[in-house]
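Below is upload14.cif, holding mmCIF, C-alpha atoms.
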```
data_my_file
#
loop_
_atom_site.group_PDB
_atom_site.id
_atom_site.type_symbol
_atom_site.label_atom_id
_atom_site.label_comp_id
_atom_site.auth_asym_id
_atom_site.auth_seq_id
_atom_site.Cartn_x
_atom_site.Cartn_y
_atom_site.Cartn_z
ATOM 1 C CA MET A 297 111.836 93.806 101.754
ATOM 2 C CA ASP A 298 112.157 91.657 104.822
ATOM 3 C CA SER A 299 115.768 90.901 105.706
ATOM 4 C CA GLU A 300 116.800 87.413 106.777
ATOM 5 C CA GLN A 301 117.712 88.794 110.180
ATOM 6 C CA ASN A 302 114.253 90.312 110.738
ATOM 7 C CA GLN A 303 112.628 87.145 109.546
ATOM 8 C CA LEU A 304 114.744 85.129 111.955
ATOM 9 C CA VAL A 305 113.912 87.362 114.923
ATOM 10 C CA ARG A 306 110.196 87.171 114.137
ATOM 11 C CA ALA A 307 110.370 83.404 113.749
ATOM 12 C CA SER A 308 112.069 83.097 117.119
ATOM 13 C CA GLN A 309 109.250 85.168 118.633
ATOM 14 C CA GLY A 310 106.668 82.678 117.410
ATOM 15 C CA ASN A 311 105.760 84.023 113.973
ATOM 16 C CA ALA A 312 104.995 80.796 112.112
ATOM 17 C CA ALA A 313 104.876 82.475 108.682
ATOM 18 C CA ALA A 314 108.386 83.849 109.151
ATOM 19 C CA PHE A 315 109.639 80.448 110.221
ATOM 20 C CA ARG A 316 107.939 78.768 107.271
ATOM 21 C CA ALA A 317 109.718 81.158 104.908
ATOM 22 C CA ILE A 318 113.153 80.416 106.412
ATOM 23 C CA TRP A 319 112.449 76.684 106.428
ATOM 24 C CA GLY A 320 111.279 76.751 102.815
ATOM 25 C CA SER A 321 114.363 78.631 101.631
ATOM 26 C CA HIS A 322 117.009 76.559 103.374
ATOM 27 C CA ARG A 323 115.650 73.125 104.216
ATOM 28 C CA ASP A 324 116.956 71.504 101.014
ATOM 29 C CA VAL A 325 120.585 72.498 101.462
ATOM 30 C CA VAL A 326 120.570 71.624 105.171
ATOM 31 C CA TYR A 327 119.005 68.211 104.507
ATOM 32 C CA LYS A 328 121.399 67.537 101.621
ATOM 33 C CA PHE A 329 124.401 68.398 103.807
ATOM 34 C CA ALA A 330 123.098 66.186 106.625
ATOM 35 C CA VAL A 331 122.591 63.226 104.257
ATOM 36 C CA TRP A 332 126.043 63.778 102.735
ATOM 37 C CA MET A 333 127.665 63.775 106.160
ATOM 38 C CA THR A 334 125.714 60.942 107.785
ATOM 39 C CA GLY A 335 124.600 58.784 104.846
ATOM 40 C CA ASP A 336 121.399 58.110 106.740
ATOM 41 C CA VAL A 337 117.992 59.599 105.849
ATOM 42 C CA ALA A 338 116.326 59.271 109.256
ATOM 43 C CA ASN A 339 119.328 60.730 111.025
ATOM 44 C CA ALA A 340 119.511 63.506 108.435
ATOM 45 C CA GLU A 341 115.906 64.505 109.098
ATOM 46 C CA ASP A 342 116.572 64.681 112.806
ATOM 47 C CA ILE A 343 119.688 66.785 112.254
ATOM 48 C CA THR A 344 117.811 69.076 109.854
ATOM 49 C CA GLN A 345 115.045 69.761 112.362
ATOM 50 C CA ALA A 346 117.469 70.184 115.261
ATOM 51 C CA SER A 347 119.505 72.668 113.221
ATOM 52 C CA PHE A 348 116.508 74.912 112.582
ATOM 53 C CA LEU A 349 115.435 74.795 116.220
ATOM 54 C CA THR A 350 118.975 75.649 117.320
ATOM 55 C CA LEU A 351 118.939 78.578 114.908
ATOM 56 C CA LEU A 352 115.900 79.998 116.714
ATOM 57 C CA GLU A 353 117.385 79.694 120.184
ATOM 58 C CA GLN A 354 119.759 82.609 119.784
ATOM 59 C CA PRO A 355 118.739 84.538 116.676
ATOM 60 C CA THR A 356 121.038 87.456 117.497
ATOM 61 C CA ARG A 357 124.073 85.232 116.965
ATOM 62 C CA PHE A 358 123.431 85.477 113.242
ATOM 63 C CA GLN A 359 125.333 88.505 111.922
ATOM 64 C CA PRO A 360 124.622 89.233 108.242
ATOM 65 C CA SER A 361 127.918 91.127 108.002
ATOM 66 C CA ARG A 362 129.777 87.856 108.664
ATOM 67 C CA GLY A 363 127.957 85.728 106.106
ATOM 68 C CA SER A 364 124.612 84.619 104.743
ATOM 69 C CA LEU A 365 121.959 82.767 106.697
ATOM 70 C CA ARG A 366 122.678 79.708 104.538
ATOM 71 C CA THR A 367 126.319 79.712 105.668
ATOM 72 C CA PHE A 368 125.266 80.197 109.293
ATOM 73 C CA LEU A 369 122.778 77.336 109.083
ATOM 74 C CA LEU A 370 125.350 75.039 107.488
ATOM 75 C CA ALA A 371 127.697 75.775 110.393
ATOM 76 C CA ILE A 372 124.926 74.840 112.848
ATOM 77 C CA THR A 373 124.194 71.685 110.851
ATOM 78 C CA ARG A 374 127.870 70.779 110.961
ATOM 79 C CA ASN A 375 127.803 71.025 114.762
ATOM 80 C CA GLN A 376 124.678 68.887 114.914
ATOM 81 C CA CYS A 377 126.394 66.249 112.753
ATOM 82 C CA ARG A 378 129.392 66.300 115.057
ATOM 83 C CA LEU A 379 127.153 65.845 118.095
ATOM 84 C CA GLN A 380 125.451 62.819 116.576
ATOM 85 C CA SER A 381 128.462 61.257 114.930
ATOM 86 C CA ARG A 382 130.636 58.689 116.592
ATOM 87 C CA ALA A 383 133.343 59.146 113.995
ATOM 88 C CA LEU A 384 136.431 61.021 115.021
ATOM 89 C CA TRP A 385 136.491 64.499 113.518
ATOM 90 C CA ARG A 386 140.203 65.052 113.215
ATOM 91 C CA GLU A 387 142.604 66.217 110.588
ATOM 92 C CA VAL A 388 143.911 63.393 108.445
ATOM 93 C CA GLY A 389 147.135 63.665 106.520
ATOM 94 C CA LEU A 390 147.696 62.468 103.014
ATOM 95 C CA GLU A 391 149.783 59.429 102.313
ATOM 96 C CA GLU A 392 151.980 59.477 99.225
ATOM 97 C CA ALA A 393 149.620 60.064 96.364
ATOM 98 C CA ASP A 394 149.876 57.499 93.626
ATOM 99 C CA GLU A 395 149.707 58.534 90.058
ATOM 100 C CA MET A 396 146.075 58.419 89.034
ATOM 101 C CA SER A 397 145.781 55.538 86.645
ATOM 102 C CA PHE A 398 142.385 56.430 85.285
ATOM 103 C CA GLN A 399 140.544 59.478 84.100
ATOM 104 C CA LEU A 400 137.323 60.378 85.866
ATOM 105 C CA ALA A 401 135.895 62.016 82.775
ATOM 106 C CA GLU A 402 136.275 58.849 80.707
ATOM 107 C CA LEU A 403 134.746 56.796 83.486
ATOM 108 C CA LEU A 404 131.822 59.166 83.762
ATOM 109 C CA ASP A 405 130.888 58.581 80.132
ATOM 110 C CA ARG A 406 130.764 54.838 80.618
ATOM 111 C CA LEU A 407 128.514 54.789 83.670
ATOM 112 C CA THR A 408 124.802 55.198 84.140
ATOM 113 C CA ALA A 409 123.560 57.761 86.648
ATOM 114 C CA GLU A 410 122.778 55.025 89.190
ATOM 115 C CA GLU A 411 126.199 53.424 88.825
ATOM 116 C CA SER A 412 128.100 56.663 89.263
ATOM 117 C CA MET A 413 125.896 57.610 92.219
ATOM 118 C CA ALA A 414 126.680 54.277 93.878
ATOM 119 C CA ILE A 415 130.405 54.864 93.318
ATOM 120 C CA VAL A 416 130.237 58.394 94.761
ATOM 121 C CA ASN A 417 128.253 57.121 97.755
ATOM 122 C CA ALA A 418 130.835 54.447 98.490
ATOM 123 C CA ALA A 419 133.733 56.858 97.992
ATOM 124 C CA ILE A 420 132.390 59.617 100.241
ATOM 125 C CA ALA A 421 131.497 57.092 102.931
ATOM 126 C CA ASN A 422 135.216 56.260 103.112
ATOM 127 C CA LEU A 423 136.293 59.889 103.524
ATOM 128 C CA PRO A 424 137.049 61.178 107.024
ATOM 129 C CA PRO A 425 134.323 63.639 108.163
ATOM 130 C CA LEU A 426 136.437 66.800 107.851
ATOM 131 C CA GLN A 427 137.410 65.956 104.281
ATOM 132 C CA ARG A 428 133.873 64.892 103.436
ATOM 133 C CA GLU A 429 132.478 68.247 104.506
ATOM 134 C CA ALA A 430 135.229 70.115 102.622
ATOM 135 C CA ILE A 431 134.243 68.366 99.376
ATOM 136 C CA PHE A 432 130.565 69.127 99.937
ATOM 137 C CA LEU A 433 131.002 72.766 100.813
ATOM 138 C CA PHE A 434 133.454 73.807 98.120
ATOM 139 C CA GLU A 435 133.066 71.345 95.266
ATOM 140 C CA TYR A 436 129.437 70.281 95.527
ATOM 141 C CA GLU A 437 127.671 73.297 97.008
ATOM 142 C CA GLU A 438 130.145 75.774 95.486
ATOM 143 C CA LEU A 439 130.523 78.003 98.513
ATOM 144 C CA THR A 440 133.416 80.428 98.239
ATOM 145 C CA LEU A 441 136.591 79.492 100.078
ATOM 146 C CA ASP A 442 135.853 82.096 102.754
ATOM 147 C CA GLU A 443 132.302 80.859 103.242
ATOM 148 C CA ALA A 444 133.378 77.216 103.372
ATOM 149 C CA ALA A 445 136.120 78.062 105.866
ATOM 150 C CA ALA A 446 133.589 79.950 108.012
ATOM 151 C CA VAL A 447 131.293 76.917 108.077
ATOM 152 C CA ALA A 448 134.204 74.641 108.971
ATOM 153 C CA ASN A 449 135.263 77.162 111.615
ATOM 154 C CA ILE A 450 138.849 77.440 110.382
ATOM 155 C CA ASP A 451 140.833 80.044 108.489
ATOM 156 C CA THR A 452 140.835 80.070 104.718
ATOM 157 C CA GLY A 453 144.411 78.835 104.369
ATOM 158 C CA THR A 454 143.764 75.799 106.527
ATOM 159 C CA PHE A 455 140.591 75.065 104.601
ATOM 160 C CA LYS A 456 142.500 75.235 101.312
ATOM 161 C CA SER A 457 145.022 72.630 102.384
ATOM 162 C CA ARG A 458 142.303 70.445 103.901
ATOM 163 C CA PHE A 459 140.331 70.640 100.676
ATOM 164 C CA HIS A 460 143.408 69.793 98.615
ATOM 165 C CA ARG A 461 143.941 66.642 100.675
ATOM 166 C CA ALA A 462 140.251 65.829 100.479
ATOM 167 C CA ARG A 463 140.187 66.069 96.702
ATOM 168 C CA LEU A 464 143.179 63.754 96.279
ATOM 169 C CA ARG A 465 141.724 61.304 98.745
ATOM 170 C CA LEU A 466 138.340 61.372 97.004
ATOM 171 C CA LYS A 467 139.960 60.581 93.658
ATOM 172 C CA ARG A 468 141.805 57.701 95.221
ATOM 173 C CA GLU A 469 138.624 56.421 96.838
ATOM 174 C CA LEU A 470 136.763 56.698 93.539
ATOM 175 C CA GLU A 471 139.503 54.726 91.836
ATOM 176 C CA GLY A 472 139.432 52.135 94.633
ATOM 177 C CA VAL A 473 135.673 51.668 94.450
ATOM 178 C CA PHE A 474 135.849 51.431 90.669
ATOM 179 C CA LYS A 475 138.605 48.795 90.708
ATOM 180 C CA LYS A 476 136.831 46.807 93.407
ATOM 181 C CA GLY A 477 133.770 46.735 91.174
ATOM 182 C CA LEU A 478 135.887 45.410 88.298
ATOM 183 C CA SER A 479 137.572 42.703 90.368
ATOM 184 C CA ASN A 480 134.175 41.526 91.611
ATOM 185 C CA GLY A 481 133.176 41.060 88.009
ATOM 186 C CA THR A 482 130.360 43.545 88.322
ATOM 187 C CA ARG A 483 129.947 46.758 86.494
ATOM 188 C CA PRO A 484 131.462 49.306 86.444
ATOM 189 C CA MET B 1076 141.742 77.880 94.211
ATOM 190 C CA GLU B 1077 140.110 76.468 91.122
ATOM 191 C CA HIS B 1078 137.368 73.897 91.031
ATOM 192 C CA ASP B 1079 138.385 70.553 89.613
ATOM 193 C CA HIS B 1080 135.738 70.179 86.940
ATOM 194 C CA GLU B 1081 136.405 66.489 86.471
ATOM 195 C CA THR B 1082 135.771 65.660 90.132
ATOM 196 C CA GLN B 1083 132.956 68.154 90.283
ATOM 197 C CA ALA B 1084 131.159 66.576 87.321
ATOM 198 C CA PHE B 1085 131.477 63.226 89.008
ATOM 199 C CA ILE B 1086 130.211 64.149 92.435
ATOM 200 C CA ARG B 1087 127.424 66.213 90.931
ATOM 201 C CA ARG B 1088 125.953 62.875 89.906
ATOM 202 C CA TRP B 1089 125.243 62.402 93.575
ATOM 203 C CA GLN B 1090 121.715 63.402 94.491
ATOM 204 C CA PRO B 1091 120.295 63.166 97.999
ATOM 205 C CA PRO B 1092 117.325 60.852 98.540
ATOM 206 C CA ALA B 1093 113.971 62.616 98.341
ATOM 207 C CA MET B 1094 112.876 64.480 101.458
ATOM 208 C CA PRO B 1095 110.948 62.148 103.775
ATOM 209 C CA SER B 1096 107.217 62.675 103.344
ATOM 210 C CA GLY B 1097 105.620 64.747 106.082
ATOM 211 C CA ILE B 1098 108.894 66.412 107.077
ATOM 212 C CA ASP B 1099 107.313 69.877 106.725
ATOM 213 C CA GLU B 1100 104.467 68.989 109.066
ATOM 214 C CA ARG B 1101 106.804 67.388 111.603
ATOM 215 C CA MET B 1102 109.072 70.427 111.543
ATOM 216 C CA MET B 1103 106.165 72.836 112.023
ATOM 217 C CA ALA B 1104 104.838 70.737 114.915
ATOM 218 C CA ARG B 1105 108.246 70.863 116.618
ATOM 219 C CA TYR B 1106 108.516 74.584 115.932
ATOM 220 C CA LEU B 1107 105.076 75.347 117.398
ATOM 221 C CA ALA B 1108 105.779 73.135 120.419
ATOM 222 C CA SER B 1109 109.070 74.922 121.049
ATOM 223 C CA ARG B 1110 107.418 78.361 120.855
ATOM 224 C CA ARG B 1111 104.673 77.644 123.428
ATOM 225 C CA PRO B 1112 104.910 79.739 126.602
ATOM 226 C CA TRP B 1113 106.763 78.029 129.445
ATOM 227 C CA TRP B 1114 103.701 77.817 131.708
ATOM 228 C CA ARG B 1115 101.744 75.939 129.025
ATOM 229 C CA ARG B 1116 104.601 73.536 128.543
ATOM 230 C CA ARG B 1117 104.678 73.052 132.326
ATOM 231 C CA LEU B 1118 100.933 72.296 132.352
ATOM 232 C CA GLU B 1119 101.389 69.751 129.598
ATOM 233 C CA LEU B 1120 104.183 67.969 131.388
ATOM 234 C CA ARG B 1121 104.244 64.272 130.631
ATOM 235 C CA ILE B 1122 105.968 61.539 132.540
ATOM 236 C CA ALA B 1123 107.224 58.479 130.734
ATOM 237 C CA VAL B 1124 106.921 55.282 132.736
ATOM 238 C CA PRO B 1125 108.579 52.123 131.401
ATOM 239 C CA ALA B 1126 106.128 49.372 130.455
ATOM 240 C CA PRO B 1127 107.700 46.741 132.810
ATOM 241 C CA VAL B 1128 107.157 49.094 135.757
ATOM 242 C CA VAL B 1129 103.497 49.569 134.803
ATOM 243 C CA ALA B 1130 103.095 45.780 134.486
ATOM 244 C CA LEU B 1131 104.713 45.166 137.896
ATOM 245 C CA VAL B 1132 102.592 47.808 139.655
ATOM 246 C CA THR B 1133 99.407 46.436 138.048
ATOM 247 C CA LEU B 1134 100.315 42.899 139.071
ATOM 248 C CA GLY B 1135 101.112 44.060 142.613
ATOM 249 C CA LEU B 1136 97.781 45.859 142.914
ATOM 250 C CA PHE B 1137 95.933 42.831 141.572
ATOM 251 C CA VAL B 1138 97.628 40.421 143.987
ATOM 252 C CA SER B 1139 97.145 42.636 147.031
ATOM 253 C CA GLY B 1140 93.509 43.323 146.032
ATOM 254 C CA THR B 1141 92.835 39.605 145.639
ATOM 255 C CA TRP B 1142 94.523 38.864 148.973
ATOM 256 C CA TRP B 1143 92.513 41.550 150.702
ATOM 257 C CA GLY B 1144 89.293 40.232 149.119
ATOM 258 C CA ILE B 1145 89.987 36.670 150.283
ATOM 259 C CA SER B 1146 91.033 37.652 153.788
ATOM 260 C CA SER B 1147 88.092 40.022 154.314
ATOM 261 C CA GLY B 1148 85.563 37.371 153.089
ATOM 262 C CA ARG B 1149 86.807 34.771 155.610
ATOM 263 C CA PRO B 1150 84.613 34.588 158.792
ATOM 264 C CA ARG B 1151 86.399 36.099 161.774
ATOM 265 C CA PRO B 1152 86.552 33.885 164.882
ATOM 266 C CA SER B 1153 84.181 35.071 167.495
ATOM 267 C CA ALA B 1154 85.603 36.402 170.720
ATOM 268 C CA GLY B 1155 85.584 34.089 173.644
ATOM 269 C CA THR B 1156 86.311 30.908 171.740
ATOM 270 C CA TRP B 1157 89.669 29.190 172.020
ATOM 271 C CA GLU B 1158 90.265 29.617 168.215
ATOM 272 C CA GLY B 1159 90.528 33.363 168.648
ATOM 273 C CA TRP B 1160 93.227 32.975 171.250
ATOM 274 C CA ILE B 1161 95.242 30.583 169.203
ATOM 275 C CA ARG B 1162 95.240 32.799 166.116
#
```

Could you write out this structure as structure tokens?
Amino acid sequence: MDSEQNQLVRASQGNAAAFRAIWGSHRDVVYKFAVWMTGDVANAEDITQASFLTLLEQPTRFQPSRGSLRTFLLAITRNQCRLQSRALWREVGLEEADEMSFQLAELLDRLTAEESMAIVNAAIANLPPLQREAIFLFEYEELTLDEAAAVANIDTGTFKSRFHRARLRLKRELEGVFKKGLSNGTRP
Amino acid sequence: MEHDHETQAFIRRWQPPAMPSGIDERMMARYLASRRPWWRRRLELRIAVPAPVVALVTLGLFVSGTWWGISSGRPRPSAGTWEGWIR
């Protein structure tokens, strides 16, 4: 059985089959993360390709004892997003949280897939980058807290509090987008 | 820390747009280009010249060529005549 590390070393030495295998296994998650973070397909493709090429530059930096290749690639992708993004990647505090006046589950039942996707798109676009990535890594991609913290390059405790703030902010954004839709007289 | 299933169910509705067509081929082309030996990359060095510069150089060559053609076709004044001294 070929380990990910061996495959990576061979790919960096010019073995196209080894590279194709790595690309095939991880391209979807890298692309998805890049789209989530940038909201732009063309930019996401560029980031995806740049992430894989960066991975090959120093294959020995990947240490399987510290995490999976997927986690390592997501960390590289995160750096690529930061390089291309003009948004400020800084910690954002949480203002006083209002009582949630609506239930997401009820809302979910009333919306079509396209409508809820549009709401999620608008809500995540309003999240600051650090909170956006926290939601993707832990809630969407279901990485463990340790893995998500490793990708975000922070300790687990800090990631936990960042994620907590991100989740509250996301709910508020979802509520805001939903109410805006109602006041415009359009569904939802 | 627990997952919030309500939020999770909601954001799971989000699906990324389909992969751009030809992304695999473009990636492989970039991979193969990046793995070429340095001396081959050096041999294949390309220089990008902005289009306005190319246009200006072409125009300059055309004007100087035309000028040279006109001036070389004009009969030279023969030595010993007063015209030669004046010019």

A:Arg366, A:Arg458, A:Arg316, A:Lys476 ranked by distance to Ala418 (chain A), top pick (using only C-alpha atoms): A:Lys476

May I ask you to extract the residues of chain B within 9 Å of chain A, using all atoms listed in the file, and to give them as a VMD selection string? chain B and resid 1076 1078 to 1092 1094 to 1095 1098 to 1099 1101 to 1103 1105 to 1107 1109 to 1111

As a check of understanding: the span from CA of Arg428 (chain A) to CA of Leu370 (chain A) is 13.9 Å

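The spacing separating CA of Ile450 (chain A) from CA of Arg468 (chain A) amounts to 25.1 Å.
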
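Put simply, CA of Phe368 (chain A) is 9.3 Å away from CA of Glu443 (chain A).
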
Padding 5 Å on each side, edges along x, y and z: where is the centre of the box around the listed atoms of region 336-352 of chain A, and how long are its edges in Å to one decimal? Output it as AutoDock Vina command-line options.
```
--center_x 118.2 --center_y 69.1 --center_z 111.6 --size_x 16.4 --size_y 31.9 --size_z 21.5
```

Identify, on the basis of all atoms listed in the file, every residue whose closest approach to Ala448 (chain A) does not exceed 10 Å; exclude the query and any residue fewer than 4 positions from it along the same chain; express the result as an NGL selection string. :A and (367 or 370-371 or 374-375 or 426 or 429-430 or 433 or 442-444 or 452 or 454-455)

Using only C-alpha atoms, pick whichever of A:Leu365, A:Ala313, A:Ile372, A:Ile343 has the shortest atom-to-atom distance to Gln301 (chain A). A:Leu365

What would region 430-459 of chain A look like with N, CA and C atoms in place, written as an mmCIF file, keeping the file's coordinate frame?
```cif
data_model
loop_
_atom_site.group_PDB
_atom_site.id
_atom_site.type_symbol
_atom_site.label_atom_id
_atom_site.label_comp_id
_atom_site.auth_asym_id
_atom_site.auth_seq_id
_atom_site.Cartn_x
_atom_site.Cartn_y
_atom_site.Cartn_z
ATOM 1 N N ALA A 430 134.501 69.176 103.499
ATOM 2 C CA ALA A 430 135.229 70.115 102.622
ATOM 3 C C ALA A 430 134.806 69.914 101.166
ATOM 4 N N ILE A 431 134.674 68.664 100.745
ATOM 5 C CA ILE A 431 134.243 68.366 99.376
ATOM 6 C C ILE A 431 132.829 68.897 99.136
ATOM 7 N N PHE A 432 131.952 68.676 100.109
ATOM 8 C CA PHE A 432 130.565 69.127 99.937
ATOM 9 C C PHE A 432 130.502 70.643 99.825
ATOM 10 N N LEU A 433 131.145 71.312 100.735
ATOM 11 C CA LEU A 433 131.002 72.766 100.813
ATOM 12 C C LEU A 433 131.588 73.475 99.592
ATOM 13 N N PHE A 434 132.781 73.071 99.194
ATOM 14 C CA PHE A 434 133.454 73.807 98.120
ATOM 15 C C PHE A 434 133.149 73.243 96.736
ATOM 16 N N GLU A 435 133.203 71.930 96.608
ATOM 17 C CA GLU A 435 133.066 71.345 95.266
ATOM 18 C C GLU A 435 131.611 71.085 94.901
ATOM 19 N N TYR A 436 130.824 70.624 95.856
ATOM 20 C CA TYR A 436 129.437 70.281 95.527
ATOM 21 C C TYR A 436 128.525 71.502 95.641
ATOM 22 N N GLU A 437 128.586 72.187 96.751
ATOM 23 C CA GLU A 437 127.671 73.297 97.008
ATOM 24 C C GLU A 437 128.210 74.624 96.485
ATOM 25 N N GLU A 438 129.469 74.618 96.084
ATOM 26 C CA GLU A 438 130.145 75.774 95.486
ATOM 27 C C GLU A 438 130.106 77.025 96.359
ATOM 28 N N LEU A 439 130.320 76.844 97.656
ATOM 29 C CA LEU A 439 130.523 78.003 98.513
ATOM 30 C C LEU A 439 131.888 78.589 98.164
ATOM 31 N N THR A 440 132.086 79.864 98.444
ATOM 32 C CA THR A 440 133.416 80.428 98.239
ATOM 33 C C THR A 440 134.342 79.847 99.302
ATOM 34 N N LEU A 441 135.640 80.018 99.090
ATOM 35 C CA LEU A 441 136.591 79.492 100.078
ATOM 36 C C LEU A 441 136.351 80.103 101.457
ATOM 37 N N ASP A 442 136.081 81.418 101.472
ATOM 38 C CA ASP A 442 135.853 82.096 102.754
ATOM 39 C C ASP A 442 134.603 81.557 103.451
ATOM 40 N N GLU A 443 133.549 81.373 102.659
ATOM 41 C CA GLU A 443 132.302 80.859 103.242
ATOM 42 C C GLU A 443 132.502 79.434 103.781
ATOM 43 N N ALA A 444 133.152 78.610 102.965
ATOM 44 C CA ALA A 444 133.378 77.216 103.372
ATOM 45 C C ALA A 444 134.240 77.162 104.631
ATOM 46 N N ALA A 445 135.250 78.030 104.685
ATOM 47 C CA ALA A 445 136.120 78.062 105.866
ATOM 48 C C ALA A 445 135.339 78.515 107.096
ATOM 49 N N ALA A 446 134.400 79.470 106.886
ATOM 50 C CA ALA A 446 133.589 79.950 108.012
ATOM 51 C C ALA A 446 132.705 78.818 108.541
ATOM 52 N N VAL A 447 132.133 78.036 107.641
ATOM 53 C CA VAL A 447 131.293 76.917 108.077
ATOM 54 C C VAL A 447 132.137 75.897 108.845
ATOM 55 N N ALA A 448 133.329 75.630 108.321
ATOM 56 C CA ALA A 448 134.204 74.641 108.971
ATOM 57 C C ALA A 448 134.907 75.206 110.199
ATOM 58 N N ASN A 449 134.704 76.506 110.429
ATOM 59 C CA ASN A 449 135.263 77.162 111.615
ATOM 60 C C ASN A 449 136.800 77.138 111.644
ATOM 61 N N ILE A 450 137.392 77.366 110.479
ATOM 62 C CA ILE A 450 138.849 77.440 110.382
ATOM 63 C C ILE A 450 139.208 78.603 109.451
ATOM 64 N N ASP A 451 140.477 78.961 109.399
ATOM 65 C CA ASP A 451 140.833 80.044 108.489
ATOM 66 C C ASP A 451 140.940 79.517 107.060
ATOM 67 N N THR A 452 140.918 80.449 106.124
ATOM 68 C CA THR A 452 140.835 80.070 104.718
ATOM 69 C C THR A 452 142.028 79.227 104.272
ATOM 70 N N GLY A 453 143.208 79.575 104.750
ATOM 71 C CA GLY A 453 144.411 78.835 104.369
ATOM 72 C C GLY A 453 144.338 77.378 104.799
ATOM 73 N N THR A 454 143.885 77.165 106.024
ATOM 74 C CA THR A 454 143.764 75.799 106.527
ATOM 75 C C THR A 454 142.719 75.030 105.725
ATOM 76 N N PHE A 455 141.627 75.743 105.380
ATOM 77 C CA PHE A 455 140.591 75.065 104.601
ATOM 78 C C PHE A 455 141.136 74.643 103.238
ATOM 79 N N LYS A 456 141.928 75.531 102.630
ATOM 80 C CA LYS A 456 142.500 75.235 101.312
ATOM 81 C C LYS A 456 143.308 73.939 101.356
ATOM 82 N N SER A 457 144.184 73.833 102.347
ATOM 83 C CA SER A 457 145.022 72.630 102.384
ATOM 84 C C SER A 457 144.188 71.400 102.735
ATOM 85 N N ARG A 458 143.183 71.574 103.585
ATOM 86 C CA ARG A 458 142.303 70.445 103.901
ATOM 87 C C ARG A 458 141.554 69.998 102.644
ATOM 88 N N PHE A 459 141.079 70.978 101.884
ATOM 89 C CA PHE A 459 140.331 70.640 100.676
ATOM 90 C C PHE A 459 141.228 69.934 99.656
#
```
